[in-house]
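> Got a structure for you, my_file31.txt, holding compact mmCIF, C-alpha atoms and all ligand atoms.
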```txt
# COMPACT_ATOMS: atom_id res chain seq x y z
CA MET A 842 73.52 97.75 96.50
CA HIS A 843 71.94 100.82 94.92
CA PRO A 844 74.31 102.60 92.47
CA LYS A 845 74.08 105.81 94.53
CA ALA A 846 75.09 104.02 97.74
CA LEU A 847 77.95 102.23 95.98
CA LEU A 848 79.29 105.48 94.52
CA ASP A 849 79.06 107.10 97.97
CA ALA A 850 81.01 104.19 99.44
CA CYS A 851 83.64 104.53 96.66
CA ALA A 852 84.00 108.25 97.44
CA GLU A 853 84.37 107.50 101.15
CA LEU A 854 87.06 104.89 100.50
CA VAL A 855 88.88 107.18 98.06
CA LYS A 856 88.96 109.85 100.75
CA LEU A 857 90.39 107.43 103.34
CA THR A 858 93.06 106.11 100.95
CA LEU A 859 94.20 109.54 99.80
CA LYS A 860 95.21 110.44 103.34
CA PHE A 861 98.25 108.22 102.64
CA ASP A 862 98.67 107.52 106.34
CA HIS A 863 98.57 103.73 105.73
CA PRO A 864 99.22 101.52 102.69
CA ALA A 865 96.19 101.44 100.36
CA ASP A 866 95.73 97.67 100.66
CA ALA A 867 95.55 97.99 104.46
CA VAL A 868 92.98 100.82 104.22
CA VAL A 869 90.84 98.80 101.80
CA SER A 870 91.02 95.62 103.95
CA ARG A 871 90.05 97.56 107.03
CA TYR A 872 87.10 99.18 105.22
CA PHE A 873 85.88 95.73 104.18
CA ARG A 874 86.24 94.44 107.76
CA ASP A 875 84.23 97.42 109.03
CA ASN A 876 81.55 96.90 106.36
CA ARG A 877 80.98 93.15 106.43
CA SER A 878 77.69 93.27 104.52
CA LEU A 879 79.47 94.25 101.28
CA GLY A 880 79.20 91.49 98.66
CA PRO A 881 82.07 90.25 96.49
CA ARG A 882 81.04 92.34 93.46
CA GLU A 883 80.75 95.51 95.52
CA ARG A 884 84.14 94.84 97.09
CA ALA A 885 85.67 94.36 93.64
CA THR A 886 84.15 97.66 92.41
CA LEU A 887 85.32 99.53 95.51
CA ALA A 888 88.88 98.18 95.39
CA GLU A 889 89.35 98.66 91.64
CA THR A 890 87.86 102.18 91.77
CA VAL A 891 90.29 103.21 94.51
CA TYR A 892 93.22 101.62 92.66
CA THR A 893 92.25 103.36 89.41
CA VAL A 894 92.17 106.71 91.25
CA LEU A 895 95.64 106.01 92.68
CA ARG A 896 96.98 104.88 89.30
CA ARG A 897 95.65 107.88 87.35
CA LYS A 898 95.84 110.43 90.11
CA LEU A 899 97.64 113.16 88.16
CA LEU A 900 95.12 113.02 85.32
CA PHE A 901 92.13 112.91 87.67
CA ASP A 902 93.50 115.79 89.78
CA HIS A 903 93.74 117.74 86.54
CA LEU A 904 90.15 116.92 85.49
CA ALA A 905 88.45 117.19 88.89
CA PRO A 906 88.42 121.02 89.24
CA SER A 907 86.04 121.37 86.27
CA GLY A 908 83.41 119.25 88.06
CA SER A 909 81.27 120.00 91.10
CA GLY A 910 80.63 118.41 94.51
CA PRO A 911 83.17 116.97 96.97
CA LYS A 912 86.54 116.26 95.35
CA GLU A 913 86.66 112.59 96.41
CA ARG A 914 83.27 112.04 94.74
CA ARG A 915 84.58 113.54 91.50
CA LEU A 916 87.65 111.29 91.68
CA ALA A 917 85.46 108.24 92.40
CA ILE A 918 83.29 109.09 89.35
CA LEU A 919 86.35 109.36 87.11
CA GLY A 920 87.82 106.09 88.41
CA PHE A 921 84.56 104.17 88.83
CA ASN A 922 85.11 100.56 87.91
CA GLY A 923 81.79 99.36 86.57
CA PRO A 924 79.41 99.73 83.62
CA ARG A 925 78.90 103.35 82.49
CA ASP A 926 75.07 103.00 82.60
CA PHE A 927 75.23 101.79 86.19
CA LEU A 928 77.47 104.71 87.16
CA LYS A 929 75.33 107.25 85.32
CA SER A 930 72.22 106.12 87.21
CA ALA A 931 73.96 107.41 90.35
CA LEU A 932 74.84 110.83 88.89
CA THR A 933 73.10 114.20 88.69
CA GLU A 934 72.52 115.73 85.24
CA GLN A 935 75.38 118.14 85.88
CA GLU A 936 77.74 115.27 86.77
CA LYS A 937 76.68 113.26 83.69
CA ASN A 938 77.48 116.22 81.42
CA TRP A 939 80.83 116.73 83.12
CA LEU A 940 81.75 113.04 82.75
CA ASP A 941 80.81 113.16 79.06
CA GLN A 942 83.11 116.17 78.60
CA CYS A 943 85.95 114.33 80.37
CA ASP A 944 85.40 111.22 78.22
CA LYS A 945 85.77 113.34 75.07
CA ILE A 946 89.27 114.56 75.91
CA ASP A 947 91.84 113.34 73.37
CA PRO A 948 94.83 111.84 75.28
CA ASP A 949 97.15 113.39 72.71
CA ASP A 950 96.04 116.83 73.94
CA LEU A 951 97.17 116.07 77.49
CA LEU A 952 100.49 116.94 79.10
CA GLU A 953 102.93 114.03 79.40
CA ARG A 954 102.52 113.84 83.17
CA HIS A 955 98.75 113.50 82.81
CA ARG A 956 99.33 110.55 80.48
CA HIS A 957 101.97 108.63 82.43
CA ASN A 958 100.67 109.56 85.92
CA LEU A 959 104.09 109.22 87.56
CA PRO A 960 105.75 111.80 89.82
CA ASP A 961 108.60 113.63 88.05
CA TRP A 962 111.28 112.21 90.39
CA LEU A 963 110.30 108.71 89.23
CA ALA A 964 109.43 109.36 85.56
CA GLN A 965 112.85 110.88 84.85
CA PRO A 966 115.08 107.92 85.86
CA LEU A 967 112.68 105.49 84.15
CA LYS A 968 112.92 107.45 80.90
CA GLU A 969 116.70 107.42 81.21
CA GLN A 970 116.69 103.64 81.58
CA LEU A 971 114.05 102.73 79.04
CA GLY A 972 114.07 105.44 76.36
CA GLY A 973 111.09 104.92 74.04
CA GLU A 974 109.98 101.87 76.00
CA PHE A 975 109.05 104.16 78.90
CA TRP A 976 105.49 104.56 77.59
CA ALA A 977 104.92 100.82 77.43
CA LEU A 978 106.03 100.57 81.07
CA ALA A 979 103.81 103.50 82.12
CA GLU A 980 100.83 101.84 80.43
CA SER A 981 101.52 98.45 82.03
CA LEU A 982 101.83 100.03 85.50
CA ASN A 983 98.27 101.26 85.12
CA GLN A 984 96.93 97.74 84.54
CA PRO A 985 96.14 95.25 87.32
CA ALA A 986 98.74 92.47 87.75
CA PRO A 987 97.84 88.92 86.72
CA LEU A 988 97.25 86.31 89.42
CA ASP A 989 100.22 83.92 89.64
CA LEU A 990 100.37 80.81 91.81
CA ARG A 991 103.40 78.79 92.85
CA VAL A 992 102.89 75.06 93.04
CA ASN A 993 104.47 73.42 96.07
CA THR A 994 106.72 70.93 94.28
CA LEU A 995 107.40 69.13 97.54
CA THR A 996 103.85 67.77 97.55
CA ASP A 997 102.43 68.27 94.04
CA LYS A 998 103.19 68.49 90.32
CA ARG A 999 102.31 71.60 88.33
CA ASP A 1000 100.29 69.70 85.69
CA ASP A 1001 98.27 67.85 88.32
CA VAL A 1002 97.38 71.09 90.10
CA ARG A 1003 96.45 72.66 86.78
CA GLN A 1004 94.01 69.78 86.16
CA GLU A 1005 92.63 70.12 89.67
CA LEU A 1006 92.02 73.85 89.13
CA LYS A 1007 90.33 73.07 85.83
CA LEU A 1008 87.91 70.70 87.60
CA ALA A 1009 87.17 73.53 90.05
CA GLY A 1010 86.30 75.76 87.04
CA LEU A 1011 89.54 77.79 87.00
CA ALA A 1012 91.54 78.25 83.80
CA ALA A 1013 95.30 78.36 84.45
CA ARG A 1014 98.38 78.03 82.24
CA PRO A 1015 102.03 77.44 83.08
CA THR A 1016 104.02 80.65 83.59
CA PRO A 1017 106.56 81.18 80.79
CA TYR A 1018 109.71 81.38 82.94
CA SER A 1019 109.15 79.85 86.37
CA PRO A 1020 108.91 76.03 86.36
CA TRP A 1021 106.68 76.22 89.44
CA GLY A 1022 104.15 78.84 88.31
CA LEU A 1023 100.56 78.88 87.07
CA ARG A 1024 98.89 82.04 85.77
CA VAL A 1025 95.17 82.05 86.52
CA ASP A 1026 92.51 83.87 84.52
CA GLY A 1027 90.57 86.51 86.43
CA LYS A 1028 90.79 87.02 90.18
CA PRO A 1029 89.16 83.94 91.75
CA ALA A 1030 89.29 83.51 95.54
CA VAL A 1031 92.02 80.83 95.44
CA ASN A 1032 92.21 80.72 99.24
CA LYS A 1033 88.86 78.89 99.21
CA LEU A 1034 90.30 75.99 97.17
CA ASP A 1035 91.28 72.66 98.65
CA ALA A 1036 94.65 72.98 96.85
CA PHE A 1037 95.31 76.12 98.90
CA ALA A 1038 94.15 74.63 102.22
CA ARG A 1039 96.44 71.63 101.84
CA GLY A 1040 99.45 73.77 100.85
CA ALA A 1041 99.71 72.74 97.18
CA ILE A 1042 99.58 76.37 96.02
CA GLU A 1043 100.60 79.83 97.23
CA VAL A 1044 99.92 83.16 95.56
CA GLN A 1045 103.29 84.46 94.30
CA ASP A 1046 104.29 86.63 91.37
CA GLU A 1047 106.33 84.74 88.77
CA GLY A 1048 109.22 87.18 89.23
CA SER A 1049 109.36 86.45 92.94
CA GLN A 1050 109.46 82.72 92.15
CA LEU A 1051 112.47 83.30 89.89
CA LEU A 1052 114.41 84.96 92.73
CA ALA A 1053 113.97 81.85 94.89
CA LEU A 1054 114.90 79.63 91.94
CA LEU A 1055 118.06 81.66 91.37
CA LEU A 1056 119.37 80.82 94.83
CA ASP A 1057 119.29 77.16 93.68
CA ALA A 1058 119.47 75.82 97.26
CA ARG A 1059 120.21 72.11 97.32
CA ARG A 1060 119.31 69.15 99.53
CA GLY A 1061 120.99 69.15 102.91
CA GLU A 1062 122.44 72.67 102.69
CA MET A 1063 122.52 75.44 105.32
CA VAL A 1064 120.60 78.37 103.83
CA VAL A 1065 119.57 81.82 105.08
CA ASP A 1066 116.67 83.92 103.82
CA PHE A 1067 117.87 87.14 105.46
CA CYS A 1068 114.77 89.29 104.92
CA ALA A 1069 112.16 86.57 104.94
CA GLY A 1070 109.08 88.66 105.78
CA ALA A 1071 105.94 86.53 105.46
CA GLY A 1072 108.08 83.93 103.71
CA GLY A 1073 107.02 84.02 100.06
CA LYS A 1074 110.53 83.08 98.96
CA THR A 1075 111.30 80.99 102.05
CA LEU A 1076 108.54 78.53 101.15
CA ALA A 1077 109.75 78.21 97.57
CA ILE A 1078 113.37 77.72 98.69
CA GLY A 1079 112.39 75.15 101.36
CA ALA A 1080 110.48 73.10 98.77
CA GLY A 1081 113.47 73.34 96.40
CA MET A 1082 115.61 71.83 99.20
CA ARG A 1083 113.13 68.92 99.33
CA ASN A 1084 112.46 69.65 102.99
CA THR A 1085 116.05 68.71 103.97
CA GLY A 1086 118.93 70.74 105.43
CA ARG A 1087 118.29 73.88 107.44
CA LEU A 1088 116.68 77.07 106.17
CA TYR A 1089 116.81 80.07 108.52
CA ALA A 1090 114.12 82.69 107.91
CA PHE A 1091 115.37 85.92 109.50
CA ASP A 1092 113.55 89.23 109.66
CA THR A 1093 113.51 92.23 111.96
CA SER A 1094 109.70 92.15 111.96
CA ALA A 1095 108.33 89.44 114.27
CA HIS A 1096 104.88 90.44 113.04
CA ARG A 1097 105.76 89.54 109.43
CA LEU A 1098 107.37 86.27 110.51
CA ASP A 1099 104.13 85.43 112.37
CA ALA A 1100 102.35 85.56 109.01
CA LEU A 1101 104.79 82.92 107.77
CA LYS A 1102 103.71 80.37 110.40
CA PRO A 1103 100.29 79.33 108.99
CA ARG A 1104 101.80 79.21 105.50
CA LEU A 1105 104.58 77.02 106.81
CA ALA A 1106 102.07 74.67 108.43
CA ARG A 1107 100.18 74.31 105.14
CA SER A 1108 103.38 73.75 103.16
CA LYS A 1109 104.44 70.59 105.09
CA LEU A 1110 107.97 71.98 105.37
CA SER A 1111 109.88 71.14 108.54
CA ASN A 1112 113.31 72.44 107.50
CA VAL A 1113 112.43 76.14 108.04
CA HIS A 1114 113.55 77.97 111.21
CA PRO A 1115 112.01 81.44 111.52
CA ALA A 1116 113.82 83.83 113.87
CA ALA A 1117 113.27 87.52 114.57
CA ILE A 1118 116.54 89.48 114.67
CA ALA A 1119 117.07 92.90 116.25
CA HIS A 1120 119.04 94.27 113.28
CA GLU A 1121 121.41 93.05 110.59
CA ARG A 1122 124.35 92.79 113.05
CA ASP A 1123 122.40 90.66 115.54
CA GLU A 1124 124.39 88.15 117.70
CA ARG A 1125 122.62 85.27 115.97
CA ILE A 1126 124.11 86.39 112.65
CA LYS A 1127 127.59 86.59 114.16
CA ARG A 1128 127.33 83.01 115.46
CA LEU A 1129 126.50 81.70 111.98
CA ALA A 1130 129.27 83.65 110.21
CA GLY A 1131 131.16 81.57 107.62
CA LYS A 1132 128.84 78.55 108.04
CA ILE A 1133 126.15 79.06 105.42
CA ASP A 1134 126.00 77.64 101.87
CA ARG A 1135 123.54 80.10 100.38
CA VAL A 1136 122.14 83.45 101.46
CA ILE A 1137 119.37 85.45 99.83
CA VAL A 1138 118.89 89.11 100.76
CA ASP A 1139 115.43 90.12 99.55
CA ALA A 1140 116.09 93.62 100.79
CA PRO A 1141 113.55 96.11 102.10
CA CYS A 1142 113.05 98.52 99.19
CA SER A 1143 110.83 101.23 97.75
CA GLY A 1144 108.61 98.56 96.15
CA LEU A 1145 108.41 100.66 92.98
CA GLY A 1146 108.44 97.47 90.87
CA THR A 1147 105.05 96.56 92.32
CA LEU A 1148 103.09 99.65 91.25
CA ARG A 1149 100.52 97.49 89.45
CA ARG A 1150 99.54 96.08 92.87
CA ASN A 1151 100.54 99.01 95.09
CA PRO A 1152 99.94 102.17 93.05
CA ASP A 1153 99.95 104.30 96.22
CA LEU A 1154 103.71 103.72 96.57
CA LYS A 1155 104.50 106.26 93.87
CA TRP A 1156 102.81 108.89 96.06
CA ARG A 1157 104.18 107.58 99.35
CA GLN A 1158 107.84 107.32 98.30
CA SER A 1159 110.28 110.05 97.28
CA MET A 1160 113.85 110.27 96.03
CA GLN A 1161 114.86 110.96 99.61
CA SER A 1162 113.18 107.80 100.92
CA VAL A 1163 114.86 105.83 98.12
CA GLN A 1164 118.26 107.20 99.15
CA GLU A 1165 117.63 106.33 102.79
CA MET A 1166 116.61 102.85 101.72
CA ALA A 1167 119.82 102.45 99.70
CA VAL A 1168 121.94 103.07 102.83
CA LYS A 1169 120.00 100.36 104.66
CA GLN A 1170 120.26 97.94 101.72
CA ALA A 1171 124.05 98.30 101.55
CA ALA A 1172 124.35 97.66 105.31
CA ILE A 1173 122.11 94.58 105.21
CA LEU A 1174 123.94 93.12 102.20
CA ALA A 1175 127.37 93.60 103.83
CA SER A 1176 126.22 91.91 107.07
CA ALA A 1177 124.44 89.05 105.35
CA ALA A 1178 127.52 88.34 103.19
CA ARG A 1179 129.50 87.45 106.34
CA LEU A 1180 127.35 84.37 106.79
CA LEU A 1181 128.71 82.64 103.69
CA LYS A 1182 131.29 79.91 103.68
CA PRO A 1183 133.87 79.80 100.86
CA GLY A 1184 132.21 78.66 97.63
CA GLY A 1185 128.80 79.80 98.94
CA ARG A 1186 126.30 81.75 96.84
CA LEU A 1187 124.92 85.17 97.69
CA VAL A 1188 121.83 86.64 96.00
CA TYR A 1189 120.76 90.26 96.46
CA ALA A 1190 117.26 91.13 95.26
CA THR A 1191 114.71 93.93 95.32
CA CYS A 1192 111.29 94.69 93.85
CA SER A 1193 112.47 98.14 92.80
CA VAL A 1194 113.09 99.45 89.28
CA LEU A 1195 115.56 102.16 90.31
CA PRO A 1196 119.33 101.71 89.77
CA GLN A 1197 120.00 103.38 93.16
CA GLU A 1198 118.56 100.31 94.92
CA ASN A 1199 119.86 97.79 92.41
CA GLU A 1200 122.93 98.06 90.15
CA GLU A 1201 124.48 100.76 92.33
CA ILE A 1202 124.20 98.65 95.50
CA ALA A 1203 125.56 95.57 93.70
CA ALA A 1204 128.48 97.50 92.16
CA ALA A 1205 129.45 99.15 95.47
CA PHE A 1206 129.32 95.80 97.27
CA GLY A 1207 131.43 94.11 94.57
CA ALA A 1208 134.04 96.89 94.72
CA ALA A 1209 134.28 96.78 98.53
CA GLN A 1210 134.33 92.96 98.81
CA PRO A 1211 136.63 91.47 96.16
CA GLN A 1212 136.38 88.02 97.77
CA PHE A 1213 132.83 87.90 96.33
CA GLN A 1214 133.00 87.09 92.64
CA PRO A 1215 130.03 88.20 90.56
CA VAL A 1216 128.15 85.46 88.75
CA ALA A 1217 126.15 86.22 85.60
CA VAL A 1218 122.51 85.72 86.52
CA GLY A 1219 121.61 85.00 82.87
CA GLU A 1220 123.97 82.01 82.88
CA LEU A 1221 122.64 80.72 86.21
CA LEU A 1222 119.07 80.89 84.94
CA ALA A 1223 120.02 79.18 81.67
CA GLN A 1224 121.62 76.34 83.71
CA LEU A 1225 118.37 76.12 85.62
CA LYS A 1226 116.63 75.65 82.25
CA VAL A 1227 114.64 78.89 82.45
CA GLU A 1228 113.26 79.65 78.97
CA GLN A 1229 114.78 82.69 77.25
CA ALA A 1230 116.90 83.42 80.31
CA ALA A 1231 118.97 85.98 78.40
CA THR A 1232 115.90 88.16 77.77
CA LEU A 1233 115.35 88.50 81.52
CA CYS A 1234 118.75 90.05 82.16
CA SER A 1235 120.82 93.16 81.59
CA GLY A 1236 124.14 94.71 82.62
CA GLY A 1237 127.73 93.51 82.40
CA GLU A 1238 129.63 92.81 79.22
CA GLY A 1239 127.19 90.30 77.73
CA GLY A 1240 124.07 91.93 79.18
CA GLN A 1241 123.63 88.87 81.44
CA GLN A 1242 124.91 90.18 84.76
CA TYR A 1243 121.70 91.06 86.55
CA LEU A 1244 118.12 89.84 86.56
CA ARG A 1245 115.95 92.77 85.46
CA LEU A 1246 112.27 91.96 85.18
CA TRP A 1247 109.79 94.54 83.89
CA PRO A 1248 105.97 94.43 83.91
CA HIS A 1249 105.68 95.55 80.26
CA ARG A 1250 108.27 93.03 79.01
CA HIS A 1251 107.78 89.99 81.20
CA ALA A 1252 104.29 90.45 82.73
CA THR A 1253 105.90 90.16 86.19
CA ASP A 1254 106.48 92.81 88.81
CA GLY A 1255 109.72 94.80 88.41
CA PHE A 1256 112.47 92.76 90.07
CA PHE A 1257 116.24 92.97 90.28
CA ALA A 1258 118.78 90.35 91.36
CA ALA A 1259 122.56 90.06 91.47
CA ALA A 1260 124.56 86.97 92.47
CA TRP A 1261 128.07 86.29 93.76
CA THR A 1262 130.16 83.32 94.82
CA ARG A 1263 132.43 83.67 97.84
CA ALA A 1264 135.95 82.81 96.74
C1 LIG A 1301 110.97 92.75 100.46
S1 LIG A 1301 110.48 92.35 102.06
C2 LIG A 1301 110.69 90.61 102.12
C3 LIG A 1301 109.67 89.81 101.38
C4 LIG A 1301 109.82 88.31 101.55
N1 LIG A 1301 111.18 87.87 101.30
C5 LIG A 1301 108.87 87.53 100.67
O1 LIG A 1301 109.29 86.91 99.69
O2 LIG A 1301 107.67 87.51 101.00
C6 LIG A 1301 111.82 92.93 103.03
C7 LIG A 1301 111.80 92.49 104.48
O3 LIG A 1301 113.02 92.96 105.08
C8 LIG A 1301 112.76 93.13 106.45
N2 LIG A 1301 113.87 93.91 107.03
C9 LIG A 1301 113.99 95.25 107.16
N3 LIG A 1301 115.17 95.57 107.74
C10 LIG A 1301 115.82 94.39 107.97
C11 LIG A 1301 117.07 94.07 108.55
N4 LIG A 1301 117.90 95.01 109.00
N5 LIG A 1301 117.41 92.77 108.63
C12 LIG A 1301 116.56 91.80 108.19
N6 LIG A 1301 115.35 92.05 107.62
C13 LIG A 1301 114.99 93.34 107.52
C14 LIG A 1301 111.38 93.76 106.47
O4 LIG A 1301 110.75 93.56 107.72
C15 LIG A 1301 110.69 93.01 105.33
O5 LIG A 1301 109.93 91.93 105.82
```
Once more with this new file: its structure as structure tokens, please.
Ligand SMILES: C[S@@+](CC[C@H](N)C(=O)[O-])C[C@H]1O[C@@H](n2cnc3c(N)ncnc32)[C@H](O)[C@@H]1O


Amino acid sequence: MHPKALLDACAELVKLTLKFDHPADAVVSRYFRDNRSLGPRERATLAETVYTVLRRKLLFDHLAPSGSGPKERRLAILGFNGPRDFLKSALTEQEKNWLDQCDKIDPDDLLERHRHNLPDWLAQPLKEQLGGEFWALAESLNQPAPLDLRVNTLTDKRDDVRQELKLAGLAARPTPYSPWGLRVDGKPAVNKLDAFARGAIEVQDEGSQLLALLLDARRGEMVVDFCAGAGGKTLAIGAGMRNTGRLYAFDTSAHRLDALKPRLARSKLSNVHPAAIAHERDERIKRLAGKIDRVIVDAPCSGLGTLRRNPDLKWRQSMQSVQEMAVKQAAILASAARLLKPGGRLVYATCSVLPQENEEIAAAFGAAQPQFQPVAVGELLAQLKVEQAATLCSGGEGGQQYLRLWPHRHATDGFFAAAWTRA
């Protein structure tokens, strides 16, 4: 594609994404469906340009007024993800001069907000939590996430799959914490691999794998994945149960559960029972009360731990939406807890980095439900032989109470988890 046409396409896609009426990944997928002739390289340039604009939006909004032409074109120039020479061959002389001026700006001369590119309502609580480490987080949120795979241990061994990927020309290494994970170099189309087609691998962030591991569901148990969605964690839990027992995958979205079905077919699991529920107090939940060994609540959340993958969320969420979410999370956790039998384990998890959706929900639940005894997540992970388990946790007297994963520390998305045993 000619550089000029590609830059025009980038500007068009930037404009569509910045309407914020749909998630950015949905807008990009739709654009690709509508423009089938785009090749893989052009798609990569388009997607990464849009994501760079979303990641560095405050800085680019600050720089754009000094340029000329439509605003989305200026943003696409600033975020263009490709060689400078290629980009410059698409620019007018005036645009080239403007870009050179922008490139010369010393980051130290910029305001803080133009360096971290986070809305104030989000930057403030992150600074309070992280202190000086805040800048390392802000930097890591502006980088693309690595590609992590989970090996289906029901059918395959991690080392064998690693060898198989190597033969297919893909370099992968074991993830440092999850015993099931492989981190792959680059962004290859893994869904074209035989290992994917036969269900030996799924794409899943290492942090998400650790949440499923933490539930530690055993052979023959009755287990509920309360907010199963498209089943990322369900599949990992089902494999951990060695395809025995009964694993209910509940969700209020039948549409999301539909996306689980082809994954389930690939995985060879037959112990998973997906079921759409109307809400967290659904009759089906009441019938199972007190009968379940383990329940995981992977609660709907702001998703602010996934900003590397979904940078638009920082512009689509607000403190008000986080507070509304927290009310929902508390209600779902309280309902899901009723399912557990005495001695059963409850895990509450989010992919948020805000205490309002994490520690505060866990503390309020613990205070209201004394029959649920908190279990230190650091100790559980150490028992599960997770390397350096203590460094993945924070909170409580020994700093081991909660799982707290951070992109800049652990190279995973930002995840939280708390665990309890029903007395
Ligand atoms: C974080 S996502 C789950 C991701 C999924 N566990 C995975 O690993 O792929 C949260 C899910 O909660 C579902 N949800 C929202 N409200 C719910 C409710 N009241 N009861 C059960 N699930 C709910 C959403 O539809 C969404 O699929």

> From the list A:Arg1250, A:Arg1104, A:Arg999, A:Arg1083, which residue is nearest ligand LIG 1301 (chain A) when using all atoms listed in the file?

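So, comparing all the options, the nearest one is A:Arg1104.
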
> Quick check, in Å to one decimal: how far apart do CA of Glu1005 (chain A) and CA of Leu988 (chain A) lie?

16.8 Å

> Could you build a table of the residues in chain A lying no more than 8 Å from ligand LIG 1301 (chain A), giving for each the nearest pair of atoms and their separation in Å rounded to one decimal place, using only C-alpha atoms and all ligand atoms, ordered by chain and ascending residue number, as a tab-separated table?


```
residue	atom	partner	partner_atom	distance
A:Ser1049	CA	A:LIG1301	O1	6.8
A:Asp1066	CA	A:LIG1301	N1	7.2
A:Phe1067	CA	A:LIG1301	C12	5.6
A:Cys1068	CA	A:LIG1301	N6	3.9
A:Ala1069	CA	A:LIG1301	N1	4.0
A:Gly1070	CA	A:LIG1301	O5	3.4
A:Ala1071	CA	A:LIG1301	O2	4.9
A:Gly1072	CA	A:LIG1301	O2	4.5
A:Gly1073	CA	A:LIG1301	O2	3.7
A:Lys1074	CA	A:LIG1301	O1	4.1
A:Thr1075	CA	A:LIG1301	O1	6.7
A:Phe1091	CA	A:LIG1301	C12	6.1
A:Asp1092	CA	A:LIG1301	N6	3.9
A:Thr1093	CA	A:LIG1301	N6	4.7
A:Ser1094	CA	A:LIG1301	O4	4.6
A:Arg1097	CA	A:LIG1301	O5	6.0
A:Leu1098	CA	A:LIG1301	O5	7.8
A:Ile1118	CA	A:LIG1301	C12	6.9
A:Ala1119	CA	A:LIG1301	N4	7.6
A:His1120	CA	A:LIG1301	N4	4.5
A:Glu1121	CA	A:LIG1301	N4	4.3
A:Arg1122	CA	A:LIG1301	N4	7.9
A:Val1138	CA	A:LIG1301	N1	7.8
A:Asp1139	CA	A:LIG1301	N1	5.1
A:Ala1140	CA	A:LIG1301	C6	4.9
A:Pro1141	CA	A:LIG1301	C6	3.7
A:Cys1142	CA	A:LIG1301	C1	6.3
A:Gly1144	CA	A:LIG1301	C1	7.6
A:Lys1169	CA	A:LIG1301	N4	7.2
A:Ala1172	CA	A:LIG1301	N4	7.9
A:Ile1173	CA	A:LIG1301	N4	5.7
A:Thr1191	CA	A:LIG1301	C1	6.5
A:Cys1192	CA	A:LIG1301	C1	6.9
```

> Between CA of Asn922 (chain A) and CA of Glu889 (chain A), measure the distance and give it in Å to one decimal.

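For CA of Asn922 (chain A) relative to CA of Glu889 (chain A), the distance reads 6.0 Å.
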
> Considering all atoms listed in the file, can you say which of A:Ala979, A:Ala931, A:Val869, A:Ala1106 comes closest to Leu848 (chain A)?

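So, comparing all the options, the nearest one is A:Ala931.
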
> For a test of reading the model, state the distance in Å between CA of Val891 (chain A) and CA of Leu859 (chain A), rounded to one decimal.

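According to the coordinates, CA of Val891 (chain A) and CA of Leu859 (chain A) are separated by 9.1 Å.
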
> For Val1025 (chain A), please output as number ranges by chain all residues within 7 Å (counting all atoms listed in the file; exclusion window: fewer than 4 positions along the same chain).

A: 988-989, 1012-1014

> Given only C-alpha atoms as the basis, pick out the residue of A:Leu904, A:Ile1133, A:Ala1178, A:Ala1038 nearest to Gln1210 (chain A).

A:Ala1178

> For each of A:Gly1086, A:Pro1020, A:Gly1255, A:Pro1183, take the minimum atom-to-atom distance to Thr1147 (chain A), counting all atoms listed in the file, then give the residue where this is smallest.

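The answer is A:Gly1255, which sits nearest to Thr1147 (chain A).
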
> Nearest residue to Ala964 (chain A) out of A:Leu978, A:Ala1117, A:Ala986, A:Leu919, using only C-alpha atoms?

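Looking only at the distances to Ala964 (chain A), the closest residue turns out to be A:Leu978.
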
> Which one is closest to Gln1224 (chain A): A:His1096, A:Leu1055, A:Ile1202, A:Lys937? Count only C-alpha atoms.

A:Leu1055

> Counting only C-alpha atoms, find the residues whose atoms lie at most 9 Å from (103.7, 102.0, 93.3) (file coordinates) and write them out as a PyMOL selection string.

chain A and resi 896+982+1143-1158

> Within 12 Å of Glu883 (chain A), counting all atoms listed in the file, which residues qualify if same-chain residues fewer than 4 places away don't, as a list in words?

Met842, His843, Pro844, Ala846, Leu847, Leu848, Asp849, Ala850, Cys851, Phe873, Asn876, Arg877, Ser878, Leu879, Leu887, Ala888, Glu889, Thr890, Phe921, Asn922 and Gly923 of chain A

> Name the residues in contact with Arg1059 (chain A) at a cut-off of 10 Å, using only C-alpha atoms, excluding same-chain residues fewer than 6 positions from it; report them as a ChimeraX atom specification.

/A:1078-1086,1134-1135

> At a cut-off of 12 Å, using all atoms listed in the file, what residues contact Gly1237 (chain A)? Leave out same-chain residues fewer than 6 positions from it and give the result as a PyMOL selection string.

chain A and resi 1200+1203-1204+1215-1219+1243-1244+1259

> Set the distance at 7 Å and use all atoms listed in the file: which residues neighbour Asn993 (chain A) once local chain neighbours fewer than 2 positions away are removed? I'd like the list as a compact mmCIF listing (two decimals) with C-alpha atoms, in the coordinates of the input.


```
# COMPACT_ATOMS: atom_id res chain seq x y z
CA ARG A 991 103.40 78.79 92.85
CA LEU A 995 107.40 69.13 97.54
CA THR A 996 103.85 67.77 97.55
CA ASP A 997 102.43 68.27 94.04
CA GLY A 1040 99.45 73.77 100.85
CA ALA A 1041 99.71 72.74 97.18
CA ILE A 1042 99.58 76.37 96.02
CA ALA A 1080 110.48 73.10 98.77
```

> Using 5 Å of padding on each side, determine the axis-aligned box around all atoms of region 1094-1113 of chain A present in the file and give its centre and edge lengths in Å to one decimal, as AutoDock Vina command-line options.


```
--center_x 106.7 --center_y 81.4 --center_z 108.7 --size_x 23.1 --size_y 31.6 --size_z 21.1
```
